[in-house]
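Structure file my_file_24.cif with mmCIF, C-alpha atoms:
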```
data_protein
#
loop_
_atom_site.label_atom_id
_atom_site.label_comp_id
_atom_site.auth_asym_id
_atom_site.auth_seq_id
_atom_site.Cartn_x
_atom_site.Cartn_y
_atom_site.Cartn_z
CA MET A 1 -87.25 36.75 -86.00
CA THR A 2 -85.00 39.58 -84.84
CA GLY A 3 -87.86 41.05 -82.86
CA LEU A 4 -88.52 37.77 -81.05
CA THR A 5 -84.82 37.33 -80.24
CA ALA A 6 -84.61 40.88 -78.84
CA ALA A 7 -87.76 40.33 -76.77
CA ALA A 8 -86.41 37.02 -75.45
CA LEU A 9 -83.06 38.61 -74.49
CA ALA A 10 -84.86 41.47 -72.76
CA ALA A 11 -87.03 39.02 -70.80
CA VAL A 12 -84.02 36.91 -69.79
CA GLY A 13 -82.11 40.05 -68.72
CA PHE A 14 -85.09 41.26 -66.67
CA LEU A 15 -85.49 37.89 -64.95
CA ALA A 16 -81.74 37.71 -64.22
CA TYR A 17 -81.87 41.20 -62.70
CA GLN A 18 -84.83 40.21 -60.50
CA ALA A 19 -83.11 37.02 -59.40
CA SER A 20 -79.89 38.83 -58.48
CA ALA A 21 -81.78 41.53 -56.60
CA ASN A 22 -83.51 38.90 -54.47
CA ALA A 23 -80.52 36.62 -53.90
CA PRO A 24 -78.90 36.87 -50.46
CA ALA A 25 -75.24 37.92 -50.30
CA ASN A 26 -74.54 34.67 -48.46
CA LEU A 27 -76.32 31.81 -50.16
CA SER A 28 -76.69 29.97 -46.86
CA ALA A 29 -78.64 32.94 -45.46
CA ALA A 30 -82.40 32.73 -45.05
CA PRO A 31 -84.37 33.52 -48.24
CA LYS A 32 -86.06 36.93 -48.52
CA SER A 33 -89.57 35.71 -49.30
CA PRO A 34 -91.52 33.16 -47.30
CA GLY A 35 -91.81 29.83 -49.05
CA ALA A 36 -88.77 30.45 -51.25
CA SER A 37 -85.73 28.36 -50.60
CA ALA A 38 -82.08 28.69 -51.43
CA SER A 39 -81.04 25.67 -53.42
CA VAL A 40 -77.30 26.26 -53.22
CA THR A 41 -75.19 26.50 -50.10
CA ALA A 42 -71.69 27.88 -50.04
CA ALA A 43 -69.08 25.19 -49.57
CA PRO A 44 -65.97 25.98 -47.57
CA THR A 45 -62.89 26.41 -49.74
CA GLY A 46 -60.39 25.37 -47.08
CA PRO A 47 -59.35 26.36 -43.61
CA ALA A 48 -59.75 30.03 -42.81
CA LYS A 49 -56.50 31.93 -42.64
CA PRO A 50 -56.05 33.33 -39.13
CA GLN A 51 -56.27 37.12 -39.08
CA LYS A 52 -53.61 39.09 -37.20
CA ASP A 53 -55.13 41.01 -34.31
CA PRO A 54 -54.22 44.66 -34.99
CA LEU A 55 -54.21 45.35 -31.26
CA ALA A 56 -51.94 42.42 -30.37
CA ILE A 57 -48.67 43.28 -28.67
CA PRO A 58 -45.82 42.84 -31.17
CA ALA A 59 -44.08 39.51 -30.54
CA GLU A 60 -40.61 41.04 -30.95
CA SER A 61 -41.19 43.50 -28.10
CA GLY A 62 -39.78 41.33 -25.33
CA LYS A 63 -41.31 40.31 -22.03
CA GLY A 64 -42.41 41.87 -18.77
CA LEU A 65 -43.46 45.37 -17.76
CA ARG A 66 -42.82 47.77 -20.64
CA VAL A 67 -44.06 50.46 -22.99
CA VAL A 68 -44.07 49.25 -26.59
CA TYR A 69 -43.99 51.78 -29.41
CA GLY A 70 -44.72 50.44 -32.92
CA LEU A 71 -43.26 52.76 -35.55
CA THR A 72 -45.19 51.26 -38.47
CA GLU A 73 -48.49 50.92 -36.59
CA LYS A 74 -48.15 54.36 -34.94
CA ARG A 75 -49.40 52.65 -31.79
CA VAL A 76 -48.35 52.32 -28.16
CA TRP A 77 -49.05 49.40 -25.83
CA LEU A 78 -48.72 49.69 -22.05
CA VAL A 79 -47.81 46.12 -21.07
CA ASP A 80 -48.08 44.87 -17.49
CA ALA A 81 -45.70 42.45 -15.74
CA LYS A 82 -47.82 39.46 -16.89
CA GLY A 83 -47.39 40.48 -20.53
CA GLN A 84 -50.95 41.77 -20.97
CA ALA A 85 -51.70 45.14 -22.56
CA SER A 86 -53.43 47.28 -19.96
CA SER A 87 -53.92 49.92 -22.65
CA THR A 88 -53.20 50.49 -26.33
CA PHE A 89 -53.74 53.59 -28.43
CA LYS A 90 -52.78 55.31 -31.67
CA VAL A 91 -50.20 58.10 -31.59
CA MET A 92 -49.02 60.86 -33.92
CA PRO A 93 -45.27 60.45 -34.49
CA SER A 94 -43.05 63.46 -34.95
CA THR A 95 -40.48 64.09 -37.68
CA VAL A 96 -37.52 62.49 -35.84
CA HIS A 97 -37.89 58.81 -34.95
CA PRO A 98 -36.02 56.54 -32.54
CA ALA A 99 -34.33 53.44 -33.92
CA PRO A 100 -35.90 50.10 -32.97
CA GLY A 101 -34.44 48.90 -29.68
CA THR A 102 -34.83 48.97 -25.92
CA TYR A 103 -34.63 52.21 -23.94
CA ARG A 104 -35.37 53.46 -20.43
CA VAL A 105 -37.41 56.50 -19.42
CA THR A 106 -34.77 59.13 -18.61
CA SER A 107 -36.86 62.17 -17.67
CA ARG A 108 -40.40 63.38 -17.23
CA SER A 109 -42.04 66.81 -17.16
CA ASN A 110 -45.56 67.62 -16.03
CA THR A 111 -46.00 70.60 -18.41
CA VAL A 112 -43.57 72.29 -20.81
CA ARG A 113 -43.52 73.89 -24.23
CA GLY A 114 -42.70 71.31 -26.93
CA SER A 115 -40.02 71.81 -29.57
CA ASP A 116 -42.86 72.64 -31.98
CA GLY A 117 -44.03 75.50 -29.73
CA VAL A 118 -47.13 73.68 -28.45
CA GLN A 119 -47.82 73.59 -24.70
CA ILE A 120 -47.66 69.90 -23.72
CA GLU A 121 -48.18 67.82 -20.60
CA HIS A 122 -47.18 64.45 -19.20
CA VAL A 123 -43.92 64.32 -21.11
CA VAL A 124 -42.10 60.97 -20.85
CA ARG A 125 -38.67 61.10 -22.55
CA PHE A 126 -36.65 58.00 -23.36
CA THR A 127 -33.91 58.91 -25.88
CA SER A 128 -32.57 61.54 -28.23
CA VAL A 129 -31.63 61.47 -31.89
CA ASP A 130 -29.28 64.14 -33.31
CA ASP A 131 -29.83 66.34 -30.23
CA VAL A 132 -33.64 66.05 -30.55
CA ALA A 133 -35.32 64.68 -27.41
CA ILE A 134 -37.70 61.80 -28.15
CA GLY A 135 -40.65 61.17 -25.87
CA PHE A 136 -44.37 60.77 -25.42
CA SER A 137 -46.65 63.71 -24.63
CA ALA A 138 -50.12 65.18 -25.02
CA ALA A 139 -51.00 68.71 -26.10
CA VAL A 140 -52.62 70.67 -23.26
CA ASP A 141 -55.33 71.90 -25.66
CA GLY A 142 -56.18 68.31 -26.63
CA THR A 143 -55.21 68.66 -30.30
CA LEU A 144 -53.32 66.00 -32.22
CA PRO A 145 -52.01 67.80 -35.33
CA LYS A 146 -49.58 66.32 -37.83
CA PRO A 147 -46.06 67.66 -37.26
CA ASP A 148 -44.52 70.25 -39.58
CA PRO A 149 -42.22 68.19 -41.85
CA ALA A 150 -39.83 71.16 -42.10
CA ARG A 151 -39.05 71.04 -38.34
CA LYS A 152 -36.99 68.48 -36.42
CA THR A 153 -39.18 67.49 -33.50
CA GLY A 154 -39.30 64.37 -31.35
CA GLY A 155 -42.65 64.47 -29.58
CA ILE A 156 -44.79 61.36 -30.03
CA ARG A 157 -48.21 62.88 -29.39
CA MET A 158 -51.26 61.19 -27.99
CA LYS A 159 -54.72 62.13 -26.80
CA LYS A 160 -54.96 63.63 -23.30
CA ALA A 161 -56.49 60.49 -21.73
CA ASP A 162 -53.73 58.37 -23.27
CA GLY A 163 -51.14 60.86 -22.03
CA ASN A 164 -52.56 60.48 -18.51
CA ALA A 165 -52.31 56.68 -18.77
CA MET A 166 -48.70 56.96 -20.01
CA TRP A 167 -47.81 59.38 -17.20
CA LEU A 168 -49.09 56.97 -14.54
CA PHE A 169 -47.49 53.93 -16.19
CA ALA A 170 -44.03 55.07 -17.34
CA THR A 171 -41.94 56.36 -14.45
CA ILE A 172 -38.18 57.04 -14.50
CA GLY A 173 -36.32 53.87 -15.47
CA SER A 174 -39.36 52.19 -17.09
CA LYS A 175 -38.53 50.07 -20.14
CA VAL A 176 -39.57 51.41 -23.57
CA VAL A 177 -39.29 49.01 -26.50
CA VAL A 178 -39.43 50.50 -30.01
CA VAL A 179 -40.32 48.06 -32.81
CA ALA A 180 -40.44 48.67 -36.54
#
```
Write out the structure in this file as structure tokens.
Amino acid sequence: MTGLTAAALAAVGFLAYQASANAPANLSAAPKSPGASASVTAAPTGPAKPQKDPLAIPAESGKGLRVVYGLTEKRVWLVDAKGQASSTFKVMPSTVHPAPGTYRVTSRSNTVRGSDGVQIEHVVRFTSVDDVAIGFSAAVDGTLPKPDPARKTGGIRMKKADGNAMWLFATIGSKVVVVA
């Protein structure tokens, strides 16, 4: 009797394995073998929850022509006068961060040496924190390293192409909105 029970359990286990291997991930999908049919369809469990678009301009960033810098997302949006993002890209923040708020571009430099010793280009400064200038820039060599946590630096680094877009977009007096 024990032998028959063991054989029956083994057979059931084998058949269950075969069935699961041939079942589609989505039960409403077409069956794998011709002539086979799926007898169960997935029923909706309720309305789908809308997903937040990770590239959407933060709602709390205001209106009009502006640069938006999201501290949490480590992302910049270049927003045109109609409120549409003409560009968005990830950035590498430095060790000193601006407080959320609205600023204006106060100075720009084509190429300089950053406070971390790296040669940078297309520097767009908009504030300072504890005597550390805060602004956007791109490393001339194209690198995007993490900042040294032991140094107080304010460069918000981006890729060279993004630095070019920022340089063309954010002239002296341009609005910069920093959001959490």
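Between CA of His97 (chain A) and CA of Val79 (chain A) the interatomic distance comes to 21.3 Å.
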Could you tell me which of A:Ser107, A:Val132, A:Ala165, A:Ala180 comes closest to Lys74 (chain A) if we count only C-alpha atoms?
A:Ala180
Set the distance at 7 Å and use all atoms listed in the file: which residues neighbour region 110-112 of chain A once local chain neighbours fewer than 4 positions away are removed? I'd like the list as a PDB file with C-alpha atoms, keeping the file's coordinate frame.
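Result file out_8.pdb:
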```pdb
ATOM      1  CA  GLN A 119     -47.820  73.590 -24.700  1.00  0.00           C
ATOM      2  CA  ILE A 120     -47.660  69.900 -23.720  1.00  0.00           C
ATOM      3  CA  GLU A 121     -48.180  67.820 -20.600  1.00  0.00           C
ATOM      4  CA  HIS A 122     -47.180  64.450 -19.200  1.00  0.00           C
ATOM      5  CA  VAL A 123     -43.920  64.320 -21.110  1.00  0.00           C
TER       6      VAL A 123
END
```
Spell out the residues picked by the PyMOL selection byres ((chain A and resi 128) around 12) here, as an mmCIF file with C-alpha atoms, keeping the file's coordinate frame.
```cif
data_model
loop_
_atom_site.group_PDB
_atom_site.id
_atom_site.type_symbol
_atom_site.label_atom_id
_atom_site.label_comp_id
_atom_site.auth_asym_id
_atom_site.auth_seq_id
_atom_site.Cartn_x
_atom_site.Cartn_y
_atom_site.Cartn_z
ATOM 1 C CA VAL A 96 -37.520 62.490 -35.840
ATOM 2 C CA HIS A 97 -37.890 58.810 -34.950
ATOM 3 C CA PRO A 98 -36.020 56.540 -32.540
ATOM 4 C CA ALA A 99 -34.330 53.440 -33.920
ATOM 5 C CA TYR A 103 -34.630 52.210 -23.940
ATOM 6 C CA ARG A 104 -35.370 53.460 -20.430
ATOM 7 C CA VAL A 105 -37.410 56.500 -19.420
ATOM 8 C CA THR A 106 -34.770 59.130 -18.610
ATOM 9 C CA SER A 107 -36.860 62.170 -17.670
ATOM 10 C CA ARG A 125 -38.670 61.100 -22.550
ATOM 11 C CA PHE A 126 -36.650 58.000 -23.360
ATOM 12 C CA THR A 127 -33.910 58.910 -25.880
ATOM 13 C CA VAL A 129 -31.630 61.470 -31.890
ATOM 14 C CA ASP A 130 -29.280 64.140 -33.310
ATOM 15 C CA ASP A 131 -29.830 66.340 -30.230
ATOM 16 C CA VAL A 132 -33.640 66.050 -30.550
ATOM 17 C CA ALA A 133 -35.320 64.680 -27.410
ATOM 18 C CA ILE A 134 -37.700 61.800 -28.150
ATOM 19 C CA GLY A 135 -40.650 61.170 -25.870
ATOM 20 C CA LYS A 152 -36.990 68.480 -36.420
ATOM 21 C CA THR A 153 -39.180 67.490 -33.500
ATOM 22 C CA GLY A 154 -39.300 64.370 -31.350
ATOM 23 C CA GLY A 155 -42.650 64.470 -29.580
#
```
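In this structure, CA of Ala81 (chain A) sits 17.9 Å away from CA of Leu55 (chain A).
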Tell me which residues the PyMOL selection byres ((chain A and resi 138) around 6) grabs here, as JSON, numbers by chain.
{"A": [120, 121, 137, 139, 157, 158, 159, 160, 163]}
Between A:Tyr69, A:Val124, A:Pro145, A:Gln84, which is the closest to Asn164 (chain A) once you count all atoms listed in the file?
A:Val124
Please write the residues picked by the PyMOL selection byres ((chain A and resi 57) around 12) on this file as a PyMOL selection string.
chain A and resi 52-56+58-64+66-70+73+75-80+83-89+177-179
Using CA of Arg151 (chain A) and CA of Phe169 (chain A) as the two end points, give the distance in Å to one decimal.
29.2 Å
Residue nearest Ile172 (chain A) among A:Arg108, A:Thr95, A:Leu65, A:Lys90 (counting only C-alpha atoms):
A:Arg108
Nearest-residue call for Arg113 (chain A), choices A:Pro149, A:Asp162, A:Leu71, A:Val140, using all atoms listed in the file:
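That would be A:Val140, the residue with the smallest distance to Arg113 (chain A).
Distance check against Gly114 (chain A) using only C-alpha atoms: of A:Ile156, A:Ala150, A:Lys82, A:Met166, the minimum falls on A:Ile156.
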